[in-house]
>>> print(open('input22.txt').read())   # compact mmCIF, C-alpha atoms and all ligand atoms
# COMPACT_ATOMS: atom_id res chain seq x y z
CA MET A 120 0.00 0.00 0.00
CA CYS A 121 1.00 3.63 -0.60
CA ALA A 122 2.63 5.37 2.37
CA VAL A 123 0.56 8.55 1.82
CA HIS A 124 -2.71 7.15 0.43
CA PRO A 125 -3.54 4.14 2.66
CA ASN A 126 -6.26 2.82 0.33
CA ALA A 127 -4.17 2.92 -2.84
CA PRO A 128 -1.92 0.03 -3.83
CA SER A 129 1.72 0.98 -4.25
CA VAL A 130 3.04 0.61 -7.76
CA VAL A 131 6.61 1.87 -7.37
CA THR A 132 9.08 2.95 -4.74
CA CYS A 133 10.55 6.46 -4.56
CA ARG A 134 13.93 6.49 -6.26
CA ARG A 135 15.35 8.68 -3.50
CA CYS A 136 13.88 7.55 -0.16
CA GLY A 137 12.48 4.14 -1.09
CA ARG A 138 8.99 4.87 0.26
CA PHE A 139 6.09 2.96 -1.35
CA CYS A 140 4.09 5.20 -3.72
CA CYS A 141 0.82 4.91 -5.62
CA THR A 142 -0.01 6.42 -9.03
CA ASN A 143 -1.46 9.54 -7.30
CA CYS A 144 1.92 10.23 -5.74
CA LEU A 145 3.96 9.79 -8.89
CA PRO A 146 2.05 11.21 -11.82
CA GLN A 147 5.22 11.90 -13.76
CA PHE A 148 8.06 12.01 -11.29
CA GLU A 149 10.29 9.25 -10.10
CA THR A 150 10.57 10.52 -6.55
CA CYS A 151 7.79 10.96 -3.99
CA PRO A 152 6.13 14.36 -3.41
CA GLU A 153 8.03 14.94 -0.18
CA CYS A 154 11.39 14.24 -1.81
CA VAL A 155 10.43 16.58 -4.68
CA ALA A 156 9.50 19.32 -2.20
CA ARG A 157 12.73 18.85 -0.27
CA ALA A 158 14.89 18.89 -3.42
CA THR A 159 13.19 21.80 -5.20
CA ILE A 160 13.06 24.19 -2.23
CA SER A 161 16.71 25.19 -2.82
CA VAL A 162 16.36 25.67 -6.61
CA PRO A 163 15.67 29.30 -7.63
CA PRO A 164 12.65 29.97 -9.87
CA ILE A 165 13.27 29.58 -13.61
CA GLU A 166 11.27 32.63 -14.78
CA GLY A 167 14.08 35.23 -14.63
CA ARG A 168 16.57 33.24 -16.67
CA ALA A 169 13.80 32.10 -19.03
CA THR A 170 12.88 35.71 -19.83
CA VAL A 171 16.49 36.75 -20.46
CA ALA A 172 17.14 33.68 -22.65
CA MET A 173 13.96 34.32 -24.67
CA VAL A 174 14.89 37.99 -25.27
CA ALA A 175 18.34 36.91 -26.49
CA LEU A 176 16.85 34.22 -28.74
CA ILE A 177 14.37 36.70 -30.22
CA ALA A 178 17.28 39.06 -30.95
CA SER A 179 19.09 36.17 -32.70
CA VAL A 180 15.96 35.39 -34.70
CA GLY A 181 15.82 39.06 -35.71
CA MET A 182 19.44 38.90 -36.88
CA HIS A 183 18.74 35.79 -38.98
CA ALA A 184 15.72 37.55 -40.50
CA LEU A 185 17.94 40.55 -41.31
CA MET A 186 20.57 38.31 -42.92
CA ALA A 187 17.82 36.58 -44.90
CA ALA A 188 16.59 40.00 -46.10
CA VAL A 189 20.11 40.93 -47.27
CA ALA A 190 20.40 37.57 -49.08
CA CYS A 191 17.01 38.16 -50.75
CA ALA A 192 18.17 41.61 -51.91
CA GLN A 193 21.39 40.09 -53.27
CA LEU A 194 19.52 37.40 -55.17
CA ALA A 195 16.97 39.91 -56.50
CA THR A 196 19.53 42.48 -57.68
CA GLY A 197 22.30 40.06 -58.67
CA ASP A 198 24.64 42.18 -56.53
CA VAL A 199 26.64 39.22 -55.23
CA GLY A 200 30.21 40.48 -55.71
CA GLU A 201 32.56 40.68 -52.73
CA GLU A 202 32.86 44.46 -53.24
CA GLY A 203 29.12 45.10 -53.66
CA VAL A 204 27.21 47.38 -51.29
CA LEU A 205 25.00 44.49 -50.20
CA ALA A 206 28.04 42.31 -49.48
CA ILE A 207 29.38 45.06 -47.18
CA VAL A 208 25.99 45.48 -45.47
CA GLY A 209 25.81 41.68 -45.14
CA GLY A 210 29.28 41.62 -43.60
CA LEU A 211 28.33 44.23 -40.98
CA VAL A 212 25.10 42.37 -40.16
CA ALA A 213 27.08 39.12 -39.83
CA LEU A 214 29.51 40.83 -37.44
CA LEU A 215 26.66 42.14 -35.29
CA TYR A 216 25.08 38.69 -35.41
CA LEU A 217 28.27 37.16 -33.99
CA VAL A 218 27.99 39.41 -30.92
CA VAL A 219 24.29 38.62 -30.48
CA PHE A 220 24.92 34.90 -31.03
CA ILE A 221 27.69 34.66 -28.39
CA THR A 222 25.52 36.58 -25.89
CA THR A 223 22.62 34.25 -26.66
CA ILE A 224 24.78 31.15 -26.08
CA VAL A 225 25.78 32.41 -22.62
CA LEU A 226 22.23 33.35 -21.59
CA VAL A 227 20.65 30.16 -22.97
CA CYS A 228 23.30 28.05 -21.20
CA MET A 229 22.42 29.79 -17.92
CA TRP A 230 18.76 28.91 -18.49
CA PHE A 231 19.68 25.34 -19.48
CA HIS A 232 21.77 24.92 -16.31
CA LEU A 233 18.93 25.98 -14.01
CA ALA A 234 16.30 24.05 -16.00
CA THR A 235 18.42 20.89 -15.57
CA ARG A 236 18.58 21.54 -11.81
CA HIS A 237 14.78 21.75 -11.71
CA ALA A 238 14.34 18.51 -13.64
CA LEU A 239 16.97 16.64 -11.58
CA ALA A 240 15.44 17.94 -8.33
CA ARG A 241 12.14 16.41 -9.46
CA GLY A 242 13.77 13.05 -9.96
CA ALA A 243 13.75 13.09 -13.75
CA SER A 244 16.10 10.46 -15.13
CA MET A 245 18.42 12.43 -17.39
CA GLU A 246 21.36 11.29 -19.51
CA VAL A 247 23.58 13.45 -17.27
CA GLU A 248 24.19 13.62 -13.53
CA THR A 249 24.90 17.36 -13.22
CA PRO A 250 23.67 20.66 -14.74
CA ALA A 251 27.24 21.40 -15.89
CA ALA A 252 27.32 18.16 -17.89
CA ALA A 253 23.96 19.10 -19.42
CA VAL A 254 25.35 22.46 -20.59
CA GLY A 255 28.52 20.71 -21.79
CA SER A 256 26.48 18.39 -24.02
CA TRP A 257 25.86 21.38 -26.34
CA PHE A 258 29.57 21.60 -27.09
CA ILE A 259 30.48 17.96 -27.77
CA PRO A 260 30.44 17.21 -31.52
CA PHE A 261 27.81 14.62 -32.53
CA VAL A 262 26.59 14.32 -28.92
CA ASN A 263 25.11 17.79 -29.43
CA LEU A 264 22.89 16.46 -32.24
CA ALA A 265 20.77 14.48 -29.79
CA ARG A 266 21.57 14.82 -26.10
CA PRO A 267 20.58 18.47 -25.45
CA PHE A 268 17.23 17.79 -27.12
CA ASN A 269 16.70 14.58 -25.14
CA LEU A 270 17.44 16.55 -21.97
CA VAL A 271 14.79 19.14 -22.86
CA ARG A 272 12.32 16.29 -23.53
CA ARG A 273 12.97 14.97 -20.02
CA MET A 274 12.64 18.51 -18.59
CA LEU A 275 9.22 18.85 -20.22
CA ASP A 276 8.24 15.37 -18.98
CA SER A 277 9.29 16.32 -15.45
CA ALA A 278 6.96 19.35 -15.65
CA GLY A 279 4.11 17.20 -16.97
CA LEU A 280 4.23 18.95 -20.36
CA ASP A 281 4.08 17.66 -23.92
CA ALA A 282 7.51 17.35 -25.56
CA GLY A 283 6.27 17.17 -29.16
CA ALA A 284 7.74 20.54 -30.21
CA VAL A 285 11.28 19.39 -29.37
CA SER A 286 11.58 17.25 -32.53
CA ALA A 287 10.64 20.18 -34.78
CA TRP A 288 13.19 22.39 -32.98
CA GLN A 289 15.87 19.67 -33.27
CA VAL A 290 15.31 19.14 -37.03
CA LEU A 291 15.24 22.91 -37.76
CA TRP A 292 18.37 23.58 -35.70
CA ILE A 293 20.41 20.72 -37.22
CA THR A 294 19.25 21.47 -40.79
CA GLY A 295 19.99 25.16 -40.26
CA ASN A 296 23.53 24.37 -39.11
CA ILE A 297 24.23 21.92 -41.95
CA THR A 298 22.96 24.36 -44.60
CA ALA A 299 24.98 27.21 -43.03
CA ASN A 300 28.07 25.02 -43.28
CA ILE A 301 27.37 24.16 -46.94
CA SER A 302 26.64 27.80 -47.80
CA SER A 303 30.03 28.91 -46.45
CA ARG A 304 31.76 26.43 -48.85
CA VAL A 305 29.68 27.30 -51.91
CA GLY A 306 30.35 30.70 -53.43
CA GLY A 307 28.23 33.06 -55.54
CA MET A 308 24.46 32.91 -56.01
CA GLY A 309 24.29 29.26 -54.92
CA GLY A 310 26.00 29.97 -51.61
CA ILE A 311 23.75 32.98 -50.95
CA GLY A 312 20.65 30.92 -51.77
CA ILE A 313 21.68 28.12 -49.39
CA GLY A 314 22.57 30.74 -46.75
CA LEU A 315 19.07 32.21 -47.12
CA LEU A 316 17.58 28.75 -46.53
CA SER A 317 19.79 28.31 -43.49
CA ASP A 318 18.63 31.64 -42.02
CA LEU A 319 15.01 30.62 -42.50
CA PHE A 320 15.63 27.28 -40.74
CA MET A 321 17.34 29.19 -37.90
CA VAL A 322 14.39 31.60 -37.59
CA GLY A 323 12.11 28.55 -37.27
CA ALA A 324 14.45 26.88 -34.75
CA GLY A 325 14.67 30.05 -32.65
CA ILE A 326 10.92 30.60 -32.56
CA THR A 327 10.30 26.95 -31.64
CA PHE A 328 12.92 27.11 -28.86
CA VAL A 329 11.38 30.32 -27.46
CA GLN A 330 7.99 28.57 -27.31
CA ILE A 331 9.53 25.62 -25.45
CA ILE A 332 11.26 27.92 -22.92
CA ARG A 333 8.05 29.91 -22.39
CA LYS A 334 6.10 26.71 -21.75
CA LEU A 335 8.65 25.01 -19.49
CA LYS A 336 7.58 25.85 -15.94
CA TRP A 337 7.29 23.41 -13.09
CA PRO A 338 4.37 23.34 -10.67
CA PRO A 339 5.54 24.66 -7.27
CA ALA A 340 6.63 21.92 -4.87
CA ALA A 341 4.00 22.92 -2.28
CA ALA A 342 1.29 22.17 -4.82
CA LEU A 343 2.71 18.70 -5.29
CA VAL A 344 2.65 17.85 -1.59
CA SER A 345 -0.99 18.75 -1.01
ZN ZN A 401 10.90 9.97 -1.51
ZN ZN A 402 -0.02 7.81 -2.90
>>> encode(input="input22.txt", output="structure tokens")
Amino acid sequence: MCAVHPNAPSVVTCRRCGRFCCTNCLPQFETCPECVARATISVPPIEGRATVAMVALIASVGMHALMAAVACAQLATGDVGEEGVLAIVGGLVALLYLVVFITTIVLVCMWFHLATRHALARGASMEVETPAAAVGSWFIPFVNLARPFNLVRRMLDSAGLDAGAVSAWQVLWITGNITANISSRVGGMGGIGIGLLSDLFMVGAGITFVQIIRKLKWPPAAALVS
């Protein structure tokens, strides 16, 4: 029988304290409500870092849209030479984008770190043991094609939310990166055309990621205990 609900049969034991739990106790978590409350009390709320990360991501999306607009103008006017006005404008936009992109990486990593703490505190079984390892998974070649996205799926699970949007974000992000890589190797109109595609994929990836961050909030621990 469940330790909290005497009439309910226990189906699992809490991963942390070993107490018998029923399905009421563990709707989506792998530790009991009391263990969740104890673990989450020391984790700061996610909202602040979520807002900052979303603002940075929206700025990055804006930069990709701007780069796409420059590419469209280049394709429309045929002004694709290295010395062309549009090439110079494009170069300045790309430089500004680099600054925005690096800032976004830092702010999103800070969000990712805290979001991992929340999920781990709720007993989510992640592919990593620590928030630092979760952040690090973004920077390991090939691992970063799957693990960060799997971690976000588990974060959403741990908050009782649908993780369907993660696959769209993953496909857009990876396709955007591959096409950006190809575009930098292909010169002329072809390269600009592929670069335009890449920017559009990145706009889609950024918007999808912002929606995931906005959605990803955990119910307060006190609400779980009652
Ligand atoms: Zn427990
Ligand atoms: Zn119970």
>>> closest_atom_pairs(input="input22.txt", of="chain A", to="ligand ZN 401 (chain A)", cutoff="8 Å", atoms="all atoms listed in the file", output="tab-separated table")
residue	atom	partner	partner_atom	distance
A:Thr132	CA	A:ZN401	ZN	7.9
A:Cys133	CA	A:ZN401	ZN	4.7
A:Arg134	CA	A:ZN401	ZN	6.6
A:Arg135	CA	A:ZN401	ZN	5.0
A:Cys136	CA	A:ZN401	ZN	4.1
A:Gly137	CA	A:ZN401	ZN	6.1
A:Arg138	CA	A:ZN401	ZN	5.7
A:Thr150	CA	A:ZN401	ZN	5.1
A:Cys151	CA	A:ZN401	ZN	4.1
A:Pro152	CA	A:ZN401	ZN	6.8
A:Glu153	CA	A:ZN401	ZN	5.9
A:Cys154	CA	A:ZN401	ZN	4.3
A:Val155	CA	A:ZN401	ZN	7.3
>>> closest_atom_pairs(input="input22.txt", of="chain A", to="ligand ZN 402 (chain A)", cutoff="6 Å", atoms="all atoms listed in the file", output="JSON lines")
{"residue": "A:Cys121", "atom": "CA", "partner": "A:ZN402", "partner_atom": "ZN", "distance": 4.9}
{"residue": "A:Val123", "atom": "CA", "partner": "A:ZN402", "partner_atom": "ZN", "distance": 4.8}
{"residue": "A:His124", "atom": "CA", "partner": "A:ZN402", "partner_atom": "ZN", "distance": 4.3}
{"residue": "A:Cys140", "atom": "CA", "partner": "A:ZN402", "partner_atom": "ZN", "distance": 4.9}
{"residue": "A:Cys141", "atom": "CA", "partner": "A:ZN402", "partner_atom": "ZN", "distance": 4.1}
{"residue": "A:Asn143", "atom": "CA", "partner": "A:ZN402", "partner_atom": "ZN", "distance": 4.9}
{"residue": "A:Cys144", "atom": "CA", "partner": "A:ZN402", "partner_atom": "ZN", "distance": 4.2}
>>> residues_around(input="input22.txt", residues="region 175-182 of chain A", least_positions_apart="3", cutoff="6 Å", atoms="all atoms listed in the file", output="list of chain:residue names")
A:Ala172, A:Leu185, A:Tyr216, A:Thr223, A:Val322, A:Gly325
>>> write_last_selection(input="input22.txt", atoms="C-alpha atoms", output="mmCIF file, keeping the file's coordinate frame")
data_model
loop_
_atom_site.group_PDB
_atom_site.id
_atom_site.type_symbol
_atom_site.label_atom_id
_atom_site.label_comp_id
_atom_site.auth_asym_id
_atom_site.auth_seq_id
_atom_site.Cartn_x
_atom_site.Cartn_y
_atom_site.Cartn_z
ATOM 1 C CA ALA A 172 17.140 33.680 -22.650
ATOM 2 C CA LEU A 185 17.940 40.550 -41.310
ATOM 3 C CA TYR A 216 25.080 38.690 -35.410
ATOM 4 C CA THR A 223 22.620 34.250 -26.660
ATOM 5 C CA VAL A 322 14.390 31.600 -37.590
ATOM 6 C CA GLY A 325 14.670 30.050 -32.650
#
>>> residues_near_point(input="input22.txt", point="(14.2, 26.5, -33.1)", cutoff="12 Å", atoms="only C-alpha atoms", output="VMD selection string")
chain A and resid 173 176 to 177 179 to 180 183 268 284 to 296 317 to 332
>>> residues_near_point(input="input22.txt", point="(24.2, 18.6, -10.3)", cutoff="7 Å", atoms="all atoms listed in the file", output="NGL selection string")
:A and (236 or 248-251)
>>> write_last_selection(input="input22.txt", atoms="C-alpha atoms", output="CSV table (one decimal), keeping the file's coordinate frame")
chain,number,residue,atom,x,y,z
A,236,ARG,CA,18.6,21.5,-11.8
A,248,GLU,CA,24.2,13.6,-13.5
A,249,THR,CA,24.9,17.4,-13.2
A,250,PRO,CA,23.7,20.7,-14.7
A,251,ALA,CA,27.2,21.4,-15.9
>>> atom_distance(input="input22.txt", atom1="CA of Pro163 (chain A)", atom2="CA of Ile221 (chain A)")
24.6 Å
>>> atom_distance(input="input22.txt", atom1="CA of Arg333 (chain A)", atom2="CA of Thr170 (chain A)")
8.0 Å
>>> axis_aligned_box(input="input22.txt", around="region 244-248 of chain A", padding_each_side="4 Å", output="AutoDock Vina command-line options")
--center_x 20.1 --center_y 12.0 --center_z -16.5 --size_x 16.1 --size_y 11.2 --size_z 14.0
>>> atom_distance(input="input22.txt", atom1="CA of Gly306 (chain A)", atom2="CA of Leu214 (chain A)")
18.9 Å
>>> closest_residue(input="input22.txt", among="A:Thr235, A:Ile259, A:Ala190, A:Val131", to="Ser302 (chain A)", atoms="all atoms listed in the file")
A:Ala190
>>> closest_residue(input="input22.txt", among="A:Ala240, A:Ala252, A:Ile301, A:Leu215", to="Ile160 (chain A)", atoms="all atoms listed in the file")
A:Ala240
>>> closest_atom_pairs(input="input22.txt", of="region 287-309 of chain A", to="region 198-206 of chain A", cutoff="12 Å", atoms="all atoms listed in the file", output="CSV")
residue,atom,partner,partner_atom,distance
A:Gly306,CA,A:Val199,CA,9.5
A:Gly307,CA,A:Val199,CA,6.4
A:Met308,CA,A:Val199,CA,6.7
A:Gly309,CA,A:Val199,CA,10.2
>>> write_last_selection(input="input22.txt", atoms="C-alpha atoms", output="short mmCIF file (atom, residue, chain, number, x, y, z; two decimals), in the coordinates of the input")
data_model
loop_
_atom_site.label_atom_id
_atom_site.label_comp_id
_atom_site.auth_asym_id
_atom_site.auth_seq_id
_atom_site.Cartn_x
_atom_site.Cartn_y
_atom_site.Cartn_z
CA GLY A 306 30.35 30.70 -53.43
CA GLY A 307 28.23 33.06 -55.54
CA MET A 308 24.46 32.91 -56.01
CA GLY A 309 24.29 29.26 -54.92
#
>>> closest_residue(input="input22.txt", among="A:Ala253, A:Met274, A:Leu217, A:Ile224", to="Ala238 (chain A)", atoms="all atoms listed in the file")
A:Met274
>>> closest_residue(input="input22.txt", among="A:Ala127, A:Val254, A:Ala188, A:Val225", to="Thr142 (chain A)", atoms="all atoms listed in the file")
A:Ala127
>>> residues_around(input="input22.txt", residues="Asn269 (chain A)", least_positions_apart="3", cutoff="10 Å", atoms="all atoms listed in the file", output="list of chain:residue names")
A:Met245, A:Glu246, A:Asn263, A:Leu264, A:Ala265, A:Arg266, A:Arg272, A:Arg273, A:Met274, A:Leu275, A:Ala282, A:Val285, A:Ser286, A:Gln289
>>> write_last_selection(input="input22.txt", atoms="C-alpha atoms", output="PDB file, in the frame of the given file")
ATOM      1  CA  MET A 245      18.420  12.430 -17.390  1.00  0.00           C
ATOM      2  CA  GLU A 246      21.360  11.290 -19.510  1.00  0.00           C
ATOM      3  CA  ASN A 263      25.110  17.790 -29.430  1.00  0.00           C
ATOM      4  CA  LEU A 264      22.890  16.460 -32.240  1.00  0.00           C
ATOM      5  CA  ALA A 265      20.770  14.480 -29.790  1.00  0.00           C
ATOM      6  CA  ARG A 266      21.570  14.820 -26.100  1.00  0.00           C
ATOM      7  CA  ARG A 272      12.320  16.290 -23.530  1.00  0.00           C
ATOM      8  CA  ARG A 273      12.970  14.970 -20.020  1.00  0.00           C
ATOM      9  CA  MET A 274      12.640  18.510 -18.590  1.00  0.00           C
ATOM     10  CA  LEU A 275       9.220  18.850 -20.220  1.00  0.00           C
ATOM     11  CA  ALA A 282       7.510  17.350 -25.560  1.00  0.00           C
ATOM     12  CA  VAL A 285      11.280  19.390 -29.370  1.00  0.00           C
ATOM     13  CA  SER A 286      11.580  17.250 -32.530  1.00  0.00           C
ATOM     14  CA  GLN A 289      15.870  19.670 -33.270  1.00  0.00           C
TER      15      GLN A 289
END
>>> closest_residue(input="input22.txt", among="A:Gly283, A:Pro125, A:Gly314, A:Gly242", to="Met186 (chain A)", atoms="only C-alpha atoms")
A:Gly314
>>> closest_residue(input="input22.txt", among="A:Leu316, A:Gly167, A:Arg241, A:Phe139", to="Pro339 (chain A)", atoms="all atoms listed in the file")
A:Arg241
